[in-house]
file run_7.csv (CSV, C-alpha atoms and all ligand atoms)
chain,number,residue,atom,x,y,z
A,1,MET,CA,0.0,0.0,0.0
A,2,SER,CA,1.3,3.5,-0.9
A,3,LYS,CA,1.6,5.8,2.1
A,4,TYR,CA,1.2,9.5,1.8
A,5,ASN,CA,2.6,11.8,4.5
A,6,PHE,CA,0.6,15.0,4.9
A,7,CYS,CA,2.7,16.4,7.8
A,8,ALA,CA,3.2,20.2,7.9
A,9,GLY,CA,6.9,19.8,8.6
A,10,PRO,CA,9.2,18.1,8.7
A,11,ALA,CA,7.3,17.2,5.6
A,12,MET,CA,7.4,14.5,2.9
A,13,LEU,CA,10.6,14.6,0.8
A,14,PRO,CA,10.6,13.4,-2.9
A,15,PRO,CA,11.0,9.6,-2.9
A,16,ALA,CA,13.6,9.8,-5.7
A,17,VAL,CA,15.8,12.1,-3.5
A,18,MET,CA,15.4,9.8,-0.5
A,19,LYS,CA,16.4,6.8,-2.6
A,20,LYS,CA,19.5,8.5,-4.0
A,21,ALA,CA,20.5,9.7,-0.5
A,22,GLN,CA,20.1,6.1,0.7
A,23,GLN,CA,22.4,4.8,-2.1
A,24,GLU,CA,25.0,7.4,-1.4
A,25,PHE,CA,24.7,7.4,2.4
A,26,ILE,CA,27.8,5.4,3.3
A,27,ASP,CA,30.0,6.2,0.4
A,28,TRP,CA,29.5,9.6,-1.2
A,29,GLN,CA,31.1,10.2,-4.6
A,30,GLY,CA,33.3,7.1,-4.2
A,31,LEU,CA,35.2,8.9,-1.4
A,32,GLY,CA,34.6,6.0,1.0
A,33,VAL,CA,32.9,8.2,3.6
A,34,SER,CA,29.4,9.7,4.1
A,35,VAL,CA,28.8,13.3,3.2
A,36,MET,CA,28.0,13.6,7.0
A,37,GLU,CA,31.4,12.7,8.1
A,38,MET,CA,33.7,14.9,6.0
A,39,SER,CA,35.0,18.4,6.4
A,40,HIS,CA,32.6,21.2,5.4
A,41,ARG,CA,35.7,22.9,4.0
A,42,SER,CA,36.8,19.9,1.8
A,43,LYS,CA,36.8,20.7,-1.9
A,44,GLU,CA,34.1,18.1,-2.5
A,45,PHE,CA,31.7,19.7,0.0
A,46,LEU,CA,32.5,23.2,-1.2
A,47,ALA,CA,31.7,22.1,-4.7
A,48,LEU,CA,28.3,20.8,-3.4
A,49,THR,CA,27.5,24.2,-1.7
A,50,LYS,CA,28.4,26.0,-4.9
A,51,LYS,CA,26.2,23.7,-7.0
A,52,CYS,CA,23.4,24.0,-4.4
A,53,GLU,CA,23.4,27.8,-4.5
A,54,ALA,CA,23.6,28.0,-8.4
A,55,SER,CA,20.7,25.6,-8.6
A,56,LEU,CA,18.5,27.7,-6.2
A,57,ARG,CA,19.5,30.9,-8.1
A,58,ARG,CA,18.3,29.3,-11.4
A,59,LEU,CA,15.1,28.0,-9.8
A,60,MET,CA,14.1,31.3,-8.3
A,61,ASN,CA,15.8,33.6,-10.8
A,62,ILE,CA,17.9,35.3,-8.1
A,63,SER,CA,20.1,38.1,-9.4
A,64,ASP,CA,23.6,39.1,-8.3
A,65,GLU,CA,22.0,41.9,-6.2
A,66,PHE,CA,21.2,39.2,-3.6
A,67,GLU,CA,23.3,37.1,-1.3
A,68,VAL,CA,22.1,33.6,-0.6
A,69,LEU,CA,22.9,32.3,2.9
A,70,PHE,CA,22.5,28.9,4.4
A,71,MET,CA,22.1,29.3,8.1
A,72,HIS,CA,21.3,27.5,11.3
A,73,GLY,CA,18.2,27.8,13.4
A,74,GLY,CA,15.2,27.2,11.1
A,75,GLY,CA,12.4,29.8,10.7
A,76,ARG,CA,12.5,30.9,14.3
A,77,GLY,CA,16.2,31.6,14.1
A,78,GLN,CA,15.3,34.1,11.5
A,79,PHE,CA,12.5,35.6,13.7
A,80,SER,CA,15.5,36.7,15.8
A,81,ALA,CA,18.0,37.4,13.0
A,82,VAL,CA,15.8,39.8,11.1
A,83,PRO,CA,15.4,42.4,13.9
A,84,LEU,CA,19.0,41.9,15.1
A,85,ASN,CA,20.4,42.7,11.7
A,86,LEU,CA,17.9,45.2,10.4
A,87,HIS,CA,17.0,47.3,13.5
A,88,GLN,CA,17.4,51.0,13.1
A,89,GLU,CA,17.5,53.6,15.9
A,90,ASN,CA,14.2,55.5,16.4
A,91,LYS,CA,12.3,53.5,13.8
A,92,SER,CA,9.7,50.9,14.3
A,93,ALA,CA,9.7,47.5,12.5
A,94,VAL,CA,6.2,46.9,11.0
A,95,TYR,CA,4.9,43.4,11.5
A,96,CYS,CA,1.8,42.5,9.3
A,97,GLU,CA,-0.1,39.8,11.2
A,98,ASN,CA,-2.2,37.3,9.5
A,99,GLY,CA,-1.9,34.2,11.7
A,100,VAL,CA,0.0,32.1,14.2
A,101,TRP,CA,3.5,32.4,12.7
A,102,SER,CA,3.5,36.1,11.8
A,103,LYS,CA,2.4,36.8,15.4
A,104,SER,CA,5.2,34.7,16.7
A,105,ALA,CA,7.6,36.7,14.6
A,106,THR,CA,6.3,39.9,16.2
A,107,ASP,CA,6.7,38.5,19.7
A,108,GLU,CA,10.3,37.5,19.0
A,109,ALA,CA,11.2,40.9,17.4
A,110,ASN,CA,9.7,42.7,20.4
A,111,LYS,CA,12.6,41.4,22.5
A,112,PHE,CA,15.0,43.4,20.3
A,113,THR,CA,13.4,46.3,18.6
A,114,GLN,CA,10.4,48.5,18.6
A,115,THR,CA,7.6,47.0,16.5
A,116,THR,CA,4.2,48.1,15.1
A,117,ALA,CA,1.8,45.3,14.5
A,118,ILE,CA,-0.8,45.6,11.8
A,119,ASP,CA,-3.7,43.2,11.6
A,120,VAL,CA,-4.1,42.3,7.9
A,121,ARG,CA,-6.9,39.8,8.5
A,122,ASN,CA,-10.3,40.5,7.2
A,123,ASP,CA,-12.5,37.8,8.8
A,124,THR,CA,-16.2,38.0,8.4
A,125,ASP,CA,-18.9,35.8,10.0
A,126,GLY,CA,-16.8,32.7,10.4
A,127,GLN,CA,-14.9,33.1,7.1
A,128,PHE,CA,-11.2,33.8,7.3
A,129,SER,CA,-9.5,36.0,4.8
A,130,ILE,CA,-6.8,38.6,4.3
A,131,LYS,CA,-7.1,42.2,3.2
A,132,ALA,CA,-5.8,43.2,-0.2
A,133,VAL,CA,-2.2,44.3,0.2
A,134,ALA,CA,-3.1,47.8,-1.2
A,135,ASP,CA,-5.3,48.2,1.9
A,136,TRP,CA,-2.7,47.4,4.5
A,137,GLN,CA,-2.1,51.0,5.5
A,138,LEU,CA,1.6,50.7,6.1
A,139,PRO,CA,3.1,53.7,8.0
A,140,ALA,CA,5.2,56.2,6.0
A,141,ASP,CA,8.4,55.3,7.9
A,142,ALA,CA,9.6,51.9,9.2
A,143,SER,CA,12.9,50.1,9.6
A,144,TYR,CA,11.4,47.2,7.6
A,145,ILE,CA,8.0,45.5,6.8
A,146,HIS,CA,7.7,41.9,7.8
A,147,TYR,CA,5.0,39.5,6.6
A,148,CYS,CA,4.3,35.8,6.1
A,149,PRO,CA,3.0,35.0,2.6
A,150,ASN,CA,1.7,31.5,3.8
A,151,GLU,CA,0.4,30.9,7.3
A,152,THR,CA,1.1,27.2,7.8
A,153,VAL,CA,-1.3,26.7,10.7
A,154,ASP,CA,-4.2,28.9,9.5
A,155,GLY,CA,-4.0,27.8,5.9
A,156,LEU,CA,-4.0,31.4,4.6
A,157,GLU,CA,-1.9,32.5,1.7
A,158,ILE,CA,-1.1,36.0,0.3
A,159,PHE,CA,-0.5,36.0,-3.4
A,160,ASP,CA,0.2,39.8,-3.9
A,161,VAL,CA,3.4,41.4,-2.6
A,162,PRO,CA,3.2,44.5,-0.4
A,163,SER,CA,5.4,47.4,-1.4
A,164,HIS,CA,6.8,50.5,0.4
A,165,PRO,CA,8.6,53.6,-0.9
A,166,THR,CA,11.5,53.3,1.6
A,167,ALA,CA,11.3,50.3,3.9
A,168,PRO,CA,12.6,46.9,2.9
A,169,ILE,CA,10.1,44.1,2.5
A,170,ILE,CA,10.9,40.9,4.4
A,171,ALA,CA,9.0,37.7,3.9
A,172,ASP,CA,8.8,34.5,5.9
A,173,MET,CA,8.4,32.0,3.1
A,174,SER,CA,9.0,28.9,5.2
A,175,SER,CA,5.9,27.1,3.9
A,176,THR,CA,5.6,28.6,0.4
A,177,ILE,CA,9.1,28.9,-1.0
A,178,LEU,CA,9.5,27.1,-4.4
A,179,SER,CA,5.8,26.3,-4.6
A,180,ARG,CA,5.0,29.0,-7.1
A,181,GLU,CA,6.8,31.5,-9.2
A,182,ILE,CA,7.7,34.8,-7.5
A,183,ASP,CA,9.7,37.9,-8.5
A,184,VAL,CA,12.5,37.9,-6.0
A,185,ASN,CA,13.2,41.6,-6.9
A,186,GLN,CA,10.0,42.6,-5.2
A,187,PHE,CA,11.6,41.6,-1.9
A,188,ASP,CA,14.6,42.7,0.1
A,189,LEU,CA,14.9,39.6,2.3
A,190,ILE,CA,13.3,36.2,2.0
A,191,TYR,CA,13.8,33.5,4.5
A,192,ALA,CA,12.6,29.9,4.9
A,193,GLY,CA,13.2,27.0,7.3
A,194,ALA,CA,14.0,24.0,5.2
A,195,GLN,CA,11.7,21.3,6.4
A,196,LYS,CA,8.8,21.8,4.0
A,197,ASN,CA,9.8,22.5,0.4
A,198,ILE,CA,13.6,22.3,0.7
A,199,GLY,CA,14.8,19.4,2.7
A,200,PRO,CA,15.3,18.2,6.3
A,201,SER,CA,15.1,20.6,9.3
A,202,GLY,CA,18.3,22.1,10.5
A,203,ILE,CA,19.0,24.7,7.9
A,204,ALA,CA,17.4,28.0,6.9
A,205,ILE,CA,17.8,29.8,3.6
A,206,VAL,CA,18.1,33.5,3.5
A,207,ILE,CA,18.0,35.5,0.3
A,208,VAL,CA,19.1,39.0,1.2
A,209,ARG,CA,19.6,42.1,-0.9
A,210,LYS,CA,23.3,43.0,-0.7
A,211,THR,CA,22.7,46.6,0.1
A,212,LEU,CA,20.9,45.5,3.4
A,213,LEU,CA,24.1,43.9,4.7
A,214,ALA,CA,25.5,47.4,5.4
A,215,ARG,CA,23.0,47.9,8.2
A,216,GLU,CA,24.7,47.7,11.6
A,217,GLY,CA,21.6,46.5,13.5
A,218,LEU,CA,22.2,45.4,17.0
A,219,PRO,CA,25.0,43.4,18.7
A,220,LYS,CA,24.2,39.8,17.7
A,221,PRO,CA,25.5,36.2,17.9
A,222,GLY,CA,27.9,35.5,15.0
A,223,ILE,CA,25.8,32.7,13.7
A,224,LEU,CA,22.9,35.1,13.2
A,225,ASP,CA,25.0,37.8,11.6
A,226,TYR,CA,24.1,38.2,7.9
A,227,ALA,CA,27.1,40.2,6.9
A,228,LEU,CA,29.5,37.9,8.7
A,229,GLU,CA,27.9,34.8,7.2
A,230,ALA,CA,28.0,36.3,3.7
A,231,LYS,CA,31.7,37.0,4.2
A,232,GLN,CA,32.3,33.5,5.4
A,233,GLY,CA,30.3,31.7,2.7
A,234,SER,CA,27.8,30.6,5.4
A,235,MET,CA,30.6,28.8,7.2
A,236,PHE,CA,31.3,31.0,10.2
A,237,ASN,CA,30.9,27.7,12.1
A,238,THR,CA,30.2,24.2,11.0
A,239,PRO,CA,27.0,24.2,9.0
A,240,PRO,CA,24.4,21.4,9.1
A,241,THR,CA,26.1,19.5,6.3
A,242,PHE,CA,23.6,16.7,5.7
A,243,ALA,CA,20.7,19.1,5.5
A,244,TRP,CA,22.7,21.2,3.0
A,245,TYR,CA,23.5,18.1,0.9
A,246,LEU,CA,19.9,17.0,0.8
A,247,ALA,CA,18.7,20.6,-0.1
A,248,ALA,CA,21.1,20.4,-3.1
A,249,GLU,CA,19.5,17.1,-4.1
A,250,VAL,CA,16.0,18.5,-3.8
A,251,PHE,CA,16.9,21.5,-5.9
A,252,GLN,CA,18.4,19.2,-8.5
A,253,TRP,CA,15.2,17.1,-8.5
A,254,LEU,CA,13.1,20.3,-8.9
A,255,GLU,CA,15.2,21.3,-11.9
A,256,GLN,CA,14.9,17.9,-13.5
A,257,ASN,CA,11.1,18.0,-13.0
A,258,GLY,CA,10.3,21.3,-14.7
A,259,GLY,CA,11.3,23.7,-12.0
A,260,VAL,CA,9.0,26.0,-10.0
A,261,LYS,CA,6.7,26.6,-13.0
A,262,ALA,CA,5.8,22.9,-13.2
A,263,MET,CA,5.5,22.7,-9.4
A,264,GLU,CA,3.1,25.6,-9.4
A,265,ALA,CA,0.9,24.0,-12.0
A,266,GLN,CA,0.8,20.8,-10.0
A,267,ASN,CA,0.3,22.6,-6.8
A,268,ILE,CA,-2.7,24.4,-8.3
A,269,ALA,CA,-4.2,21.1,-9.5
A,270,LYS,CA,-3.7,19.5,-6.1
A,271,ALA,CA,-5.2,22.4,-4.2
A,272,GLU,CA,-8.2,22.6,-6.6
A,273,LEU,CA,-8.9,18.9,-6.3
A,274,LEU,CA,-9.0,19.1,-2.5
A,275,TYR,CA,-10.8,22.4,-2.0
A,276,ASN,CA,-13.4,21.5,-4.7
A,277,PHE,CA,-14.2,18.3,-3.0
A,278,ILE,CA,-14.6,20.0,0.4
A,279,ASP,CA,-16.7,22.8,-1.1
A,280,ASN,CA,-19.1,20.3,-2.7
A,281,SER,CA,-19.4,18.2,0.5
A,282,ASP,CA,-21.9,18.8,3.3
A,283,PHE,CA,-19.7,16.6,5.6
A,284,TYR,CA,-16.5,18.7,5.6
A,285,SER,CA,-15.8,22.4,5.5
A,286,ASN,CA,-13.0,24.8,5.0
A,287,LYS,CA,-13.3,28.3,6.6
A,288,VAL,CA,-11.0,30.3,4.4
A,289,ALA,CA,-12.3,32.7,1.7
A,290,LYS,CA,-11.3,31.5,-1.8
A,291,HIS,CA,-8.9,34.3,-2.6
A,292,SER,CA,-6.9,33.6,0.7
A,293,ARG,CA,-6.7,29.9,0.5
A,294,SER,CA,-3.3,28.3,0.9
A,295,ARG,CA,-2.1,25.9,-1.8
A,296,MET,CA,0.3,24.3,0.7
A,297,ASN,CA,-1.7,23.8,3.9
A,298,VAL,CA,-5.4,22.9,3.7
A,299,PRO,CA,-7.2,22.9,7.1
A,300,PHE,CA,-10.6,21.3,7.1
A,301,TRP,CA,-13.2,20.4,9.6
A,302,LEU,CA,-15.6,17.5,9.9
A,303,ASN,CA,-19.0,19.1,10.5
A,304,ASP,CA,-19.5,16.5,13.2
A,305,GLU,CA,-16.4,16.9,15.3
A,306,SER,CA,-17.2,13.9,17.4
A,307,LEU,CA,-15.9,11.8,14.5
A,308,ASN,CA,-12.4,13.4,14.5
A,309,SER,CA,-10.5,10.7,16.3
A,310,LYS,CA,-12.2,8.0,14.1
A,311,PHE,CA,-11.2,10.0,11.0
A,312,VAL,CA,-7.6,10.2,12.2
A,313,ALA,CA,-7.4,6.5,13.1
A,314,GLN,CA,-8.9,5.3,9.9
A,315,SER,CA,-7.0,7.6,7.6
A,316,ASN,CA,-3.8,6.4,9.2
A,317,GLU,CA,-4.8,2.8,8.6
A,318,ALA,CA,-5.5,3.8,5.0
A,319,GLY,CA,-1.9,5.0,4.7
A,320,LEU,CA,-2.8,8.7,4.8
A,321,LEU,CA,-0.5,10.0,7.6
A,322,ALA,CA,-0.4,13.1,9.9
A,323,LEU,CA,-3.8,14.6,9.0
A,324,GLU,CA,-4.6,15.8,12.5
A,325,GLY,CA,-4.9,19.6,12.6
A,326,HIS,CA,-2.6,21.9,14.6
A,327,ARG,CA,-3.5,21.9,18.3
A,328,ILE,CA,-4.3,25.6,18.2
A,329,VAL,CA,-7.0,25.4,15.5
A,330,GLY,CA,-8.1,21.8,15.7
A,331,GLY,CA,-9.8,19.9,12.9
A,332,MET,CA,-7.7,18.3,10.2
A,333,ARG,CA,-5.0,19.7,8.0
A,334,ALA,CA,-3.5,18.3,4.8
A,335,SER,CA,-0.1,19.8,3.9
A,336,ILE,CA,0.5,19.2,0.2
A,337,TYR,CA,4.0,20.6,-0.5
A,338,ASN,CA,6.0,20.0,-3.7
A,339,ALA,CA,6.9,16.4,-2.9
A,340,MET,CA,3.2,15.4,-2.6
A,341,PRO,CA,2.0,13.9,-5.9
A,342,LEU,CA,-1.4,14.4,-7.3
A,343,GLU,CA,-2.2,10.8,-6.6
A,344,GLY,CA,-1.6,11.4,-2.9
A,345,VAL,CA,-4.3,14.1,-2.9
A,346,GLN,CA,-6.6,11.9,-5.0
A,347,ALA,CA,-6.1,9.1,-2.4
A,348,LEU,CA,-7.1,11.5,0.3
A,349,VAL,CA,-10.2,12.7,-1.5
A,350,ASP,CA,-11.3,9.1,-2.2
A,351,PHE,CA,-10.8,8.3,1.5
A,352,MET,CA,-12.7,11.4,2.6
A,353,ALA,CA,-15.6,10.5,0.3
A,354,ALA,CA,-15.8,6.9,1.6
A,355,PHE,CA,-15.6,8.1,5.2
A,356,ALA,CA,-18.4,10.6,4.7
A,357,LYS,CA,-20.6,8.0,3.1
A,358,GLU,CA,-20.1,5.5,5.9
A,359,ASN,CA,-20.7,8.1,8.6
A,360,SER,CA,-23.5,10.1,7.2
A,401,LIG,N1,7.4,30.3,9.9
A,401,LIG,C1,6.5,29.5,9.4
A,401,LIG,C2,5.6,30.1,8.3
A,401,LIG,C3,6.4,28.2,9.7
A,401,LIG,O1,5.5,27.4,9.2
A,401,LIG,C4,7.3,27.7,10.7
A,401,LIG,C5,7.2,26.2,11.2
A,401,LIG,N2,6.2,25.5,10.9
A,401,LIG,C6,8.2,28.6,11.3
A,401,LIG,C7,8.2,29.9,10.9
A,401,LIG,C8,9.1,28.1,12.4
A,401,LIG,O2,10.1,27.3,11.8
A,401,LIG,P1,11.1,26.5,12.7
A,401,LIG,O3,10.4,25.4,13.4
A,401,LIG,O4,12.1,25.9,11.7
A,401,LIG,O5,11.8,27.4,13.6

call {"tool": "encode", "arguments": {"input": "run_7.csv", "output": "structure tokens"}}
result
Amino acid sequence: MSKYNFCAGPAMLPPAVMKKAQQEFIDWQGLGVSVMEMSHRSKEFLALTKKCEASLRRLMNISDEFEVLFMHGGGRGQFSAVPLNLHQENKSAVYCENGVWSKSATDEANKFTQTTAIDVRNDTDGQFSIKAVADWQLPADASYIHYCPNETVDGLEIFDVPSHPTAPIIADMSSTILSREIDVNQFDLIYAGAQKNIGPSGIAIVIVRKTLLAREGLPKPGILDYALEAKQGSMFNTPPTFAWYLAAEVFQWLEQNGGVKAMEAQNIAKAELLYNFIDNSDFYSNKVAKHSRSRMNVPFWLNDESLNSKFVAQSNEAGLLALEGHRIVGGMRASIYNAMPLEGVQALVDFMAAFAKENS
């Protein structure tokens, strides 16, 4: 029986990548050692990091105006790194809040810098949605504008990009990076924890406009210092080498499979299949307005919540793993990142239909 893993993160990885990693695990490139047990400064590993960055630059069309960093500490590490690096005296950092993760980013930034939180949700009678970016009413002056284009817990996605005449735009793309085409030039800093669309946890990717590296910010740990990491080729200290290796393999897999454009088409098809099924059912519901629905994380509720544990148990038995919703919002959640094939979503829809029939 095929098993499909709908975990929000660490998430499913492409099976082809896992197979290759397994084959190379003990003896990488005929060197007689694993990639995990060799110097990060060896010529072979340095070649890997170069290849990895070049691949990401091609996939996302990243120009030379940006530095690409591979850092420790996942998404939350960047919740700290952003204010520490970008703080400016007598200015407030603007945090646009649209869900659990963007609020957590504000809380962390508050420890280091002055923040102004803006609520960009536009919920109406039980329907969740996000205001159009043109209506966000950003203040005239700010050290930077931070937002989260895809809220992993809430299942809300923002497809437009906010702009500001002077303040840099910072995006937490942990759960949407590489899932759809974006114009990197509309941003000043993009970051993402790896464990959804990139690879295993333990590494975070930062794409930062080089001009921003001149900001002094606040005193900070070396491992969170963008300018230092840029100067050191992301090797100020020993990086998470296995996660870096696997990220390089995922990028290669993406390039071999049509790149971000092809992923986006598949992600649209997967999301449509699942949302259409839910919308046409009187057994399940999704509470997000159509224009704000995430393509990566689909929360859904059984109208009769007393059936929740039965649904989770039986879906697990059917090989559909990790569908229980986040503890904060309850219900169910299907995370359908790049590695999830259309057949996985079809299997979920078939199961949901059969479950609804049996329990109606
Ligand atoms: N931002 C977003 C949008 C996330 O989904 C997550 C994790 N699910 C984080 C930040 C935090 O990432 P980490 O656990 O790597 O610190």

call {"tool": "atom_distance", "arguments": {"input": "run_7.csv", "atom1": "atom CA of A:Glu324", "atom2": "atom CA of A:Gly9"}}
result
12.8 Å

call {"tool": "closest_residue", "arguments": {"input": "run_7.csv", "among": "A:Ala318, A:Ile169, A:Met296, A:Leu84", "to": "A:Ala334", "atoms": "all atoms listed in the file"}}
result
A:Met296

call {"tool": "closest_residue", "arguments": {"input": "run_7.csv", "among": "A:Asn286, A:Thr115, A:Gln314, A:Thr176", "to": "A:Ser129", "atoms": "all atoms listed in the file"}}
result
A:Asn286

call {"tool": "residues_near_ligand", "arguments": {"input": "run_7.csv", "ligand": "ligand LIG 401 (chain A)", "cutoff": "9 Å", "atoms": "all atoms listed in the file", "output": "PyMOL selection string"}}
result
chain A and resi 8-10+73-79+100-102+104-105+148-153+172-176+191-196+201-204

call {"tool": "closest_residue", "arguments": {"input": "run_7.csv", "among": "A:Gln23, A:Gly344, A:Cys52, A:Ser2", "to": "A:Glu249", "atoms": "all atoms listed in the file"}}
result
A:Cys52

call {"tool": "residues_around", "arguments": {"input": "run_7.csv", "residues": "stretch 252-262 of chain A", "least_positions_apart": "6", "cutoff": "6 Å", "atoms": "only C-alpha atoms", "output": "list in words"}}
result
Leu178, Arg180 and Glu181 of chain A

call {"tool": "residues_around", "arguments": {"input": "run_7.csv", "residues": "stretch 229-245 of chain A", "least_positions_apart": "4", "cutoff": "6 Å", "atoms": "all atoms listed in the file", "output": "list in words"}}
result
Met36, Leu69, Phe70 and Pro200 of chain A

call {"tool": "closest_residue", "arguments": {"input": "run_7.csv", "among": "A:His326, A:Lys131, A:Phe355, A:Leu348", "to": "A:Phe311", "atoms": "only C-alpha atoms"}}
result
A:Phe355

call {"tool": "residues_around", "arguments": {"input": "run_7.csv", "residues": "A:Thr106", "least_positions_apart": "3", "cutoff": "9 Å", "atoms": "all atoms listed in the file", "output": "list in words"}}
result
Phe79, Val94, Tyr95, Cys96, Glu97, Trp101, Ser102, Lys103, Ala109, Asn110, Thr115, Thr116, Ala117 and His146 of chain A

call {"tool": "residues_around", "arguments": {"input": "run_7.csv", "residues": "A:Asn90", "least_positions_apart": "6", "cutoff": "10 Å", "atoms": "all atoms listed in the file", "output": "number ranges by chain"}}
result
A: 113-114, 142-143

call {"tool": "atom_distance", "arguments": {"input": "run_7.csv", "atom1": "atom CA of A:Ala353", "atom2": "atom CA of A:Tyr337"}}
result
22.1 Å

call {"tool": "residues_around", "arguments": {"input": "run_7.csv", "residues": "A:Arg58", "least_positions_apart": "2", "cutoff": "10 Å", "atoms": "all atoms listed in the file", "output": "short mmCIF file (atom, residue, chain, number, x, y, z; two decimals) with C-alpha atoms, keeping the file's coordinate frame"}}
result
data_model
loop_
_atom_site.label_atom_id
_atom_site.label_comp_id
_atom_site.auth_asym_id
_atom_site.auth_seq_id
_atom_site.Cartn_x
_atom_site.Cartn_y
_atom_site.Cartn_z
CA GLU A 53 23.40 27.80 -4.50
CA ALA A 54 23.60 28.00 -8.40
CA SER A 55 20.70 25.60 -8.60
CA LEU A 56 18.50 27.70 -6.20
CA MET A 60 14.10 31.30 -8.30
CA ASN A 61 15.80 33.60 -10.80
CA ILE A 62 17.90 35.30 -8.10
CA SER A 63 20.10 38.10 -9.40
CA PHE A 251 16.90 21.50 -5.90
CA GLU A 255 15.20 21.30 -11.90
CA GLY A 259 11.30 23.70 -12.00
CA VAL A 260 9.00 26.00 -10.00
#

call {"tool": "atom_distance", "arguments": {"input": "run_7.csv", "atom1": "atom CA of A:Lys357", "atom2": "atom CA of A:Asn297"}}
result
24.6 Å

call {"tool": "closest_residue", "arguments": {"input": "run_7.csv", "among": "A:Ala171, A:Ala21, A:Lys50, A:Ile336", "to": "A:Phe6", "atoms": "all atoms listed in the file"}}
result
A:Ile336

call {"tool": "axis_aligned_box", "arguments": {"input": "run_7.csv", "around": "stretch 28-36 of chain A", "padding_each_side": "5 Å", "output": "lines of an AutoDock Vina configuration file"}}
result
center_x = 31.6
center_y = 9.8
center_z = 1.2
size_x = 17.2
size_y = 17.6
size_z = 21.6
